[in-house]
file query35.txt (compact mmCIF, C-alpha atoms)
# COMPACT_ATOMS: atom_id res chain seq x y z
CA GLY Y 447 -2.78 -41.27 26.16
CA GLU Y 448 -4.19 -37.80 26.31
CA LEU Y 449 -3.80 -35.52 23.33
CA PRO Y 450 -1.53 -32.51 23.92
CA VAL Y 451 -3.31 -29.22 24.52
CA PRO Y 452 -2.70 -26.90 21.53
CA ILE Y 453 -0.95 -23.66 22.33
CA LEU Y 454 -2.83 -20.75 20.78
CA PRO Y 455 -1.33 -17.31 20.08
CA ASP Y 456 -3.50 -15.72 22.78
CA ASP Y 457 -2.08 -18.12 25.40
CA PHE Y 458 1.15 -16.11 25.43
CA PHE Y 459 -0.61 -13.05 26.85
CA PHE Y 460 -2.15 -12.32 30.24
CA PRO Y 461 -5.88 -11.50 30.39
CA GLY Y 462 -6.33 -7.90 29.31
CA GLN Y 463 -2.94 -7.74 27.62
CA THR Y 464 -3.03 -6.65 23.98
CA PRO Y 465 -1.31 -8.99 21.48
CA PRO Y 466 1.37 -7.26 19.35
CA ASP Y 467 -0.62 -7.69 16.13
CA GLU Y 468 -3.35 -5.49 17.63
CA TYR Y 469 -0.79 -2.71 18.10
CA ALA Y 470 0.27 -3.18 14.50
CA LEU Y 471 -3.31 -2.83 13.27
CA THR Y 472 -3.75 0.28 15.40
CA ALA Y 473 -0.67 1.82 13.77
CA VAL Y 474 -2.24 1.18 10.36
CA GLU Y 475 -5.63 2.59 11.38
CA LYS Y 476 -3.93 5.79 12.56
CA GLY Y 477 -1.90 6.11 9.37
CA ASP Y 478 -2.56 8.45 6.46
CA THR Y 479 -5.36 7.33 4.15
CA CYS Y 480 -4.03 5.42 1.16
CA LEU Y 481 -5.98 3.87 -1.71
CA GLY Y 482 -5.53 1.99 -4.94
CA ILE Y 483 -7.77 1.61 -7.99
CA LYS Y 484 -7.35 -0.92 -10.79
CA ALA Y 485 -8.43 0.46 -14.16
CA ALA Y 486 -8.81 -1.36 -17.47
CA ASN Y 487 -5.34 -0.26 -18.56
CA GLY Y 488 -3.41 0.28 -15.34
CA VAL Y 489 -3.43 0.96 -11.60
CA VAL Y 490 -3.32 4.18 -9.61
CA LEU Y 491 -2.11 4.58 -6.03
CA ALA Y 492 -3.07 7.75 -4.14
CA THR Y 493 -2.23 8.68 -0.57
CA GLU Y 494 -2.28 11.52 1.89
CA LYS Y 495 1.17 12.86 2.69
CA LYS Y 496 0.89 14.51 6.09
CA LEU Y 497 4.30 15.73 7.27
CA PRO Y 498 5.11 15.36 10.99
CA SER Y 499 6.25 19.01 11.07
CA ILE Y 500 6.19 22.03 8.77
CA LEU Y 501 9.98 22.08 9.14
CA VAL Y 502 10.34 18.75 7.33
CA ASP Y 503 11.59 18.99 3.75
CA GLU Y 504 8.72 17.41 1.79
CA THR Y 505 11.08 16.22 -0.96
CA SER Y 506 12.75 13.86 1.55
CA PHE Y 507 9.48 12.16 2.50
CA ASN Y 508 7.84 9.75 0.05
CA LYS Y 509 4.68 7.66 0.44
CA CYS Y 510 4.88 5.87 -2.94
CA ALA Y 511 7.98 4.08 -4.17
CA PRO Y 512 9.00 1.77 -7.03
CA VAL Y 513 10.11 -1.80 -6.31
CA THR Y 514 10.89 -2.64 -9.94
CA ASP Y 515 10.19 -0.85 -13.22
CA HIS Y 516 6.68 -2.35 -13.33
CA ILE Y 517 5.76 -2.67 -9.62
CA GLY Y 518 5.38 -0.03 -6.91
CA VAL Y 519 3.98 0.27 -3.40
CA SER Y 520 2.39 2.71 -1.00
CA TYR Y 521 1.43 2.26 2.65
CA ALA Y 522 -0.45 3.25 5.77
CA GLY Y 523 1.28 2.95 9.13
CA MET Y 524 4.87 3.29 10.30
CA ASN Y 525 7.31 4.81 7.82
CA ALA Y 526 10.34 2.96 9.22
CA ASP Y 527 8.62 -0.43 8.81
CA PHE Y 528 7.66 0.47 5.25
CA ARG Y 529 11.28 1.29 4.45
CA ILE Y 530 12.44 -2.14 5.65
CA LEU Y 531 9.76 -3.98 3.66
CA LEU Y 532 10.59 -1.91 0.58
CA GLN Y 533 14.25 -2.92 0.83
CA LYS Y 534 13.25 -6.59 1.26
CA ALA Y 535 10.92 -6.40 -1.74
CA ARG Y 536 13.65 -4.93 -3.93
CA LYS Y 537 16.04 -7.72 -2.87
CA TYR Y 538 13.42 -10.36 -3.73
CA ALA Y 539 12.97 -8.77 -7.15
CA ILE Y 540 16.72 -8.65 -7.83
CA ASN Y 541 17.20 -12.28 -6.77
CA TYR Y 542 14.27 -13.41 -8.94
CA LYS Y 543 15.74 -11.58 -11.95
CA ALA Y 544 19.16 -13.15 -11.37
CA THR Y 545 17.68 -16.65 -11.02
CA TYR Y 546 15.04 -16.70 -13.75
CA HIS Y 547 16.29 -13.92 -16.08
CA ASP Y 548 12.83 -12.37 -16.03
CA SER Y 549 11.03 -9.66 -14.07
CA ILE Y 550 9.23 -10.86 -10.98
CA PRO Y 551 5.40 -10.98 -11.34
CA ALA Y 552 3.49 -8.83 -8.88
CA SER Y 553 1.67 -11.91 -7.54
CA ILE Y 554 4.93 -13.68 -6.65
CA LEU Y 555 6.38 -10.58 -4.99
CA CYS Y 556 3.19 -10.13 -2.97
CA GLN Y 557 3.37 -13.73 -1.75
CA GLU Y 558 7.03 -13.33 -0.73
CA ILE Y 559 6.38 -10.13 1.23
CA SER Y 560 3.25 -11.50 2.92
CA THR Y 561 5.18 -14.62 3.98
CA LEU Y 562 7.89 -12.45 5.54
CA VAL Y 563 5.29 -10.29 7.31
CA GLN Y 564 3.51 -13.38 8.66
CA GLU Y 565 6.76 -14.80 10.08
CA TYR Y 566 7.16 -11.66 12.18
CA THR Y 567 3.81 -12.35 13.88
CA GLN Y 568 5.03 -15.66 15.39
CA SER Y 569 8.81 -15.29 15.83
CA GLY Y 570 10.55 -14.55 19.11
CA GLY Y 571 12.44 -11.32 19.63
CA VAL Y 572 10.62 -9.42 16.90
CA ARG Y 573 7.32 -7.58 16.59
CA PRO Y 574 4.79 -7.50 13.73
CA PHE Y 575 5.25 -4.84 11.07
CA GLY Y 576 3.05 -1.85 11.86
CA VAL Y 577 2.21 -1.20 8.23
CA SER Y 578 -0.23 -2.24 5.51
CA LEU Y 579 0.92 -2.15 1.89
CA LEU Y 580 -0.87 -1.50 -1.37
CA MET Y 581 1.07 -2.95 -4.30
CA ALA Y 582 0.42 -1.98 -7.93
CA GLY Y 583 1.87 -3.83 -10.89
CA PHE Y 584 1.44 -4.52 -14.60
CA ASP Y 585 2.63 -7.64 -16.42
CA HIS Y 586 1.60 -9.97 -19.27
CA GLU Y 587 -1.62 -10.77 -17.39
CA GLY Y 588 -2.56 -7.10 -17.13
CA PRO Y 589 -2.90 -4.72 -14.14
CA HIS Y 590 -2.76 -5.96 -10.53
CA LEU Y 591 -3.59 -4.40 -7.16
CA TYR Y 592 -2.69 -6.23 -3.94
CA GLN Y 593 -2.98 -5.43 -0.23
CA VAL Y 594 -0.71 -6.93 2.44
CA ASP Y 595 -1.81 -6.67 6.10
CA PRO Y 596 0.31 -6.83 9.30
CA SER Y 597 -1.03 -10.36 9.86
CA GLY Y 598 0.58 -11.55 6.63
CA SER Y 599 -2.76 -11.90 4.85
CA TYR Y 600 -2.88 -10.61 1.30
CA PHE Y 601 -5.72 -9.88 -1.10
CA SER Y 602 -6.18 -8.96 -4.74
CA TRP Y 603 -8.48 -5.96 -5.16
CA LYS Y 604 -10.30 -4.00 -7.84
CA ALA Y 605 -10.11 -1.00 -5.49
CA ALA Y 606 -8.97 -0.78 -1.88
CA ALA Y 607 -8.39 1.73 0.90
CA ILE Y 608 -6.29 1.56 4.06
CA GLY Y 609 -5.47 3.98 6.84
CA ARG Y 610 -7.38 6.47 8.94
CA ASN Y 611 -10.36 7.06 6.63
CA MET Y 612 -10.50 3.51 5.27
CA VAL Y 613 -14.20 2.86 5.95
CA ASN Y 614 -15.51 6.03 4.30
CA ALA Y 615 -13.06 5.76 1.41
CA SER Y 616 -14.06 2.14 0.75
CA SER Y 617 -17.74 3.10 0.77
CA PHE Y 618 -17.04 5.93 -1.69
CA LEU Y 619 -15.10 3.61 -3.99
CA GLU Y 620 -17.88 1.02 -3.98
CA LYS Y 621 -20.25 3.65 -5.39
CA ARG Y 622 -17.80 5.10 -7.92
CA TYR Y 623 -15.82 2.10 -9.16
CA SER Y 624 -16.20 0.88 -12.74
CA GLU Y 625 -14.17 -1.94 -14.29
CA GLU Y 626 -14.31 -0.20 -17.69
CA SER Y 627 -12.72 3.02 -16.42
CA GLU Y 628 -9.44 4.14 -17.95
CA LEU Y 629 -6.38 5.16 -15.95
CA GLU Y 630 -7.17 8.87 -16.29
CA ASP Y 631 -10.67 8.30 -14.88
CA ALA Y 632 -9.20 6.23 -12.03
CA ILE Y 633 -6.89 9.11 -11.09
CA HIS Y 634 -9.88 11.46 -10.89
CA THR Y 635 -11.82 8.94 -8.78
CA ALA Y 636 -8.82 8.53 -6.46
CA LEU Y 637 -8.57 12.29 -5.93
CA LEU Y 638 -12.30 12.61 -5.24
CA THR Y 639 -12.09 9.74 -2.75
CA LEU Y 640 -9.16 11.32 -0.87
CA LYS Y 641 -10.93 14.67 -0.88
CA GLU Y 642 -14.00 13.17 0.87
CA GLY Y 643 -12.23 12.73 4.20
CA PHE Y 644 -9.33 15.14 3.82
CA GLU Y 645 -8.69 17.56 6.68
CA GLY Y 646 -7.83 21.00 5.37
CA GLU Y 647 -7.05 21.99 1.79
CA MET Y 648 -5.74 19.26 -0.49
CA ASN Y 649 -2.86 20.31 -2.73
CA GLU Y 650 0.09 18.85 -4.63
CA ASN Y 651 2.32 18.98 -1.54
CA ASN Y 652 0.16 16.97 0.88
CA ILE Y 653 -0.87 14.07 -1.36
CA GLU Y 654 1.06 11.69 -3.57
CA ILE Y 655 -0.06 9.81 -6.68
CA ALA Y 656 1.63 7.00 -8.59
CA THR Y 657 0.55 5.02 -11.65
CA VAL Y 658 1.53 1.98 -13.66
CA GLY Y 659 0.02 1.73 -17.14
CA SER Y 660 0.02 -0.56 -20.13
CA ASP Y 661 3.59 0.54 -20.88
CA GLY Y 662 4.59 -1.40 -17.76
CA VAL Y 663 6.31 1.58 -16.13
CA PHE Y 664 5.61 2.54 -12.51
CA ARG Y 665 6.01 6.27 -11.95
CA VAL Y 666 5.32 8.73 -9.16
CA LEU Y 667 3.61 11.84 -10.49
CA ALA Y 668 5.42 15.17 -10.15
CA PRO Y 669 3.76 17.95 -8.08
CA PHE Y 670 2.84 19.98 -11.18
CA GLU Y 671 1.05 16.93 -12.65
CA ILE Y 672 -0.93 16.46 -9.44
CA ARG Y 673 -1.80 20.18 -9.48
CA ASP Y 674 -3.24 19.81 -12.99
CA TYR Y 675 -5.37 16.81 -11.98
CA LEU Y 676 -6.60 18.64 -8.87
CA SER Y 677 -7.75 21.56 -11.02
CA GLU Y 678 -9.80 19.11 -13.09
CA VAL Y 679 -11.73 17.75 -10.11
CA GLN Y 680 -12.35 21.05 -8.31
call {"tool": "encode", "arguments": {"input": "query35.txt", "output": "structure tokens"}}
result
Amino acid sequence: GELPVPILPDDFFFPGQTPPDEYALTAVEKGDTCLGIKAANGVVLATEKKLPSILVDETSFNKCAPVTDHIGVSYAGMNADFRILLQKARKYAINYKATYHDSIPASILCQEISTLVQEYTQSGGVRPFGVSLLMAGFDHEGPHLYQVDPSGSYFSWKAAAIGRNMVNASSFLEKRYSEESELEDAIHTALLTLKEGFEGEMNENNIEIATVGSDGVFRVLAPFEIRDYLSEVQ
């Protein structure tokens, strides 16, 4: 008999109709620039923090967040989608700890989140997540930096950029990146990279920086710490 004709994802859409994953990628490309750099002794995440209105209380709006003590994430894209994935990631980490009595490795958490994201690209009644994640972690194998895309693909990076100015930021990082750099140097490089395509004056209120070092603690830097680093790269 004849072989069945395979049904491809594009077969579900009329000619000229945009598949949902294209909308998701567009949401990411319009998002605030976000980047991560893996240093010899840790990882830094740095992101623009453009508020939707000057009336928004900036303390209620975060672009970097911890998942566990030793893993944290930042994003480009839709804030609401990020919040859902952050909650899912924290649940995965709690369940792993309860089952294995050990902290979840960043690689395992990345795989779990990317699997969930991929399922939303092919399930009925849902849409793909309009967000890309950068995940930083530190465990017995050292520092880790991962990226998860709306398609469910994930990658391990030495340095990566997502969001509106991704192309220019990636080009800048390729020229500046050094595997021997320490965490402090990586923070300076991250700030210089953000500054390259930043619209307006960059200050401690419109960017956010987070680090995880050899102590295995993920922390979001306070505004006064960011101000001090900015003064060093002026």
call {"tool": "residues_around", "arguments": {"input": "query35.txt", "residues": "Y:Ser578", "least_positions_apart": "5", "cutoff": "9 Å", "atoms": "only C-alpha atoms", "output": "short mmCIF file (atom, residue, chain, number, x, y, z; two decimals) with C-alpha atoms, in the coordinates of the input"}}
result
data_model
loop_
_atom_site.label_atom_id
_atom_site.label_comp_id
_atom_site.auth_asym_id
_atom_site.auth_seq_id
_atom_site.Cartn_x
_atom_site.Cartn_y
_atom_site.Cartn_z
CA LEU Y 471 -3.31 -2.83 13.27
CA VAL Y 474 -2.24 1.18 10.36
CA SER Y 520 2.39 2.71 -1.00
CA TYR Y 521 1.43 2.26 2.65
CA ALA Y 522 -0.45 3.25 5.77
CA GLY Y 523 1.28 2.95 9.13
CA MET Y 524 4.87 3.29 10.30
CA PHE Y 528 7.66 0.47 5.25
CA GLN Y 593 -2.98 -5.43 -0.23
CA VAL Y 594 -0.71 -6.93 2.44
CA ASP Y 595 -1.81 -6.67 6.10
CA PRO Y 596 0.31 -6.83 9.30
CA ILE Y 608 -6.29 1.56 4.06
CA GLY Y 609 -5.47 3.98 6.84
#
call {"tool": "residues_near_point", "arguments": {"input": "query35.txt", "point": "(6.9, -12.3, 11.5)", "cutoff": "10 Å", "atoms": "all atoms listed in the file", "output": "list of chain:residue names"}}
result
Y:Asp467, Y:Ser560, Y:Thr561, Y:Leu562, Y:Val563, Y:Gln564, Y:Glu565, Y:Tyr566, Y:Thr567, Y:Gln568, Y:Ser569, Y:Gly570, Y:Gly571, Y:Val572, Y:Arg573, Y:Pro574, Y:Phe575, Y:Pro596, Y:Ser597, Y:Gly598
call {"tool": "residues_around", "arguments": {"input": "query35.txt", "residues": "stretch 626-641 of chain Y", "least_positions_apart": "4", "cutoff": "7 Å", "atoms": "all atoms listed in the file", "output": "PyMOL selection string"}}
result
chain Y and resi 483+485-490+492+615+618-619+648+679
call {"tool": "atom_distance", "arguments": {"input": "query35.txt", "atom1": "atom CA of Y:Ile653", "atom2": "atom CA of Y:Lys495"}}
result
4.7 Å
call {"tool": "atom_distance", "arguments": {"input": "query35.txt", "atom1": "atom CA of Y:Arg536", "atom2": "atom CA of Y:Val513"}}
result
5.3 Å
call {"tool": "atom_distance", "arguments": {"input": "query35.txt", "atom1": "atom CA of Y:Asn611", "atom2": "atom CA of Y:Gly643"}}
result
6.4 Å
call {"tool": "residues_near_point", "arguments": {"input": "query35.txt", "point": "(-2.0, 19.6, -4.0)", "cutoff": "9 Å", "atoms": "only C-alpha atoms", "output": "number ranges by chain"}}
result
Y: 647-654, 669-670, 672-673, 676
call {"tool": "write_last_selection", "arguments": {"input": "query35.txt", "atoms": "C-alpha atoms", "output": "compact mmCIF listing (two decimals), in the frame of the given file"}}
result
# COMPACT_ATOMS: atom_id res chain seq x y z
CA GLU Y 647 -7.05 21.99 1.79
CA MET Y 648 -5.74 19.26 -0.49
CA ASN Y 649 -2.86 20.31 -2.73
CA GLU Y 650 0.09 18.85 -4.63
CA ASN Y 651 2.32 18.98 -1.54
CA ASN Y 652 0.16 16.97 0.88
CA ILE Y 653 -0.87 14.07 -1.36
CA GLU Y 654 1.06 11.69 -3.57
CA PRO Y 669 3.76 17.95 -8.08
CA PHE Y 670 2.84 19.98 -11.18
CA ILE Y 672 -0.93 16.46 -9.44
CA ARG Y 673 -1.80 20.18 -9.48
CA LEU Y 676 -6.60 18.64 -8.87
call {"tool": "build_atoms", "arguments": {"input": "query35.txt", "residues": "stretch 493-509 of chain Y", "atoms": "N, CA, C and O atoms", "output": "short mmCIF file (atom, residue, chain, number, x, y, z; two decimals), in the coordinates of the input"}}
result
data_model
loop_
_atom_site.label_atom_id
_atom_site.label_comp_id
_atom_site.auth_asym_id
_atom_site.auth_seq_id
_atom_site.Cartn_x
_atom_site.Cartn_y
_atom_site.Cartn_z
N THR Y 493 -2.35 8.67 -2.03
CA THR Y 493 -2.23 8.68 -0.57
C THR Y 493 -2.08 10.10 -0.04
O THR Y 493 -1.53 10.98 -0.72
N GLU Y 494 -2.59 10.28 1.17
CA GLU Y 494 -2.28 11.52 1.89
C GLU Y 494 -0.80 11.53 2.24
O GLU Y 494 -0.18 10.48 2.40
N LYS Y 495 -0.25 12.72 2.36
CA LYS Y 495 1.17 12.86 2.69
C LYS Y 495 1.30 13.94 3.76
O LYS Y 495 1.72 15.06 3.51
N LYS Y 496 0.87 13.56 4.98
CA LYS Y 496 0.89 14.51 6.09
C LYS Y 496 2.28 14.50 6.74
O LYS Y 496 2.72 13.49 7.26
N LEU Y 497 2.96 15.63 6.68
CA LEU Y 497 4.30 15.73 7.27
C LEU Y 497 4.21 15.86 8.79
O LEU Y 497 3.29 16.51 9.31
N PRO Y 498 5.14 15.27 9.53
CA PRO Y 498 5.11 15.36 10.99
C PRO Y 498 5.36 16.78 11.51
O PRO Y 498 5.02 17.10 12.64
N SER Y 499 5.97 17.63 10.68
CA SER Y 499 6.25 19.01 11.07
C SER Y 499 6.38 19.86 9.82
O SER Y 499 6.80 19.36 8.76
N ILE Y 500 6.04 21.13 9.92
CA ILE Y 500 6.19 22.03 8.77
C ILE Y 500 7.65 22.28 8.44
O ILE Y 500 7.99 22.79 7.38
N LEU Y 501 8.55 21.90 9.36
CA LEU Y 501 9.98 22.08 9.14
C LEU Y 501 10.59 20.95 8.33
O LEU Y 501 11.74 21.06 7.90
N VAL Y 502 9.82 19.88 8.11
CA VAL Y 502 10.34 18.75 7.33
C VAL Y 502 10.37 19.11 5.86
O VAL Y 502 9.41 19.68 5.32
N ASP Y 503 11.47 18.78 5.19
CA ASP Y 503 11.59 18.99 3.75
C ASP Y 503 10.74 17.93 3.05
O ASP Y 503 11.04 16.75 3.12
N GLU Y 504 9.65 18.38 2.38
CA GLU Y 504 8.72 17.41 1.79
C GLU Y 504 9.34 16.54 0.70
O GLU Y 504 8.87 15.44 0.41
N THR Y 505 10.43 17.01 0.09
CA THR Y 505 11.08 16.22 -0.96
C THR Y 505 11.81 14.99 -0.40
O THR Y 505 12.18 14.10 -1.14
N SER Y 506 12.03 14.98 0.93
CA SER Y 506 12.75 13.86 1.55
C SER Y 506 11.79 12.80 2.09
O SER Y 506 12.22 11.79 2.64
N PHE Y 507 10.49 13.03 1.91
CA PHE Y 507 9.48 12.16 2.50
C PHE Y 507 8.58 11.64 1.40
O PHE Y 507 7.85 12.40 0.78
N ASN Y 508 8.63 10.33 1.13
CA ASN Y 508 7.84 9.75 0.05
C ASN Y 508 6.89 8.68 0.57
O ASN Y 508 7.27 7.87 1.42
N LYS Y 509 5.67 8.67 0.05
CA LYS Y 509 4.68 7.66 0.44
C LYS Y 509 4.49 6.59 -0.64
O LYS Y 509 3.89 5.55 -0.38
#
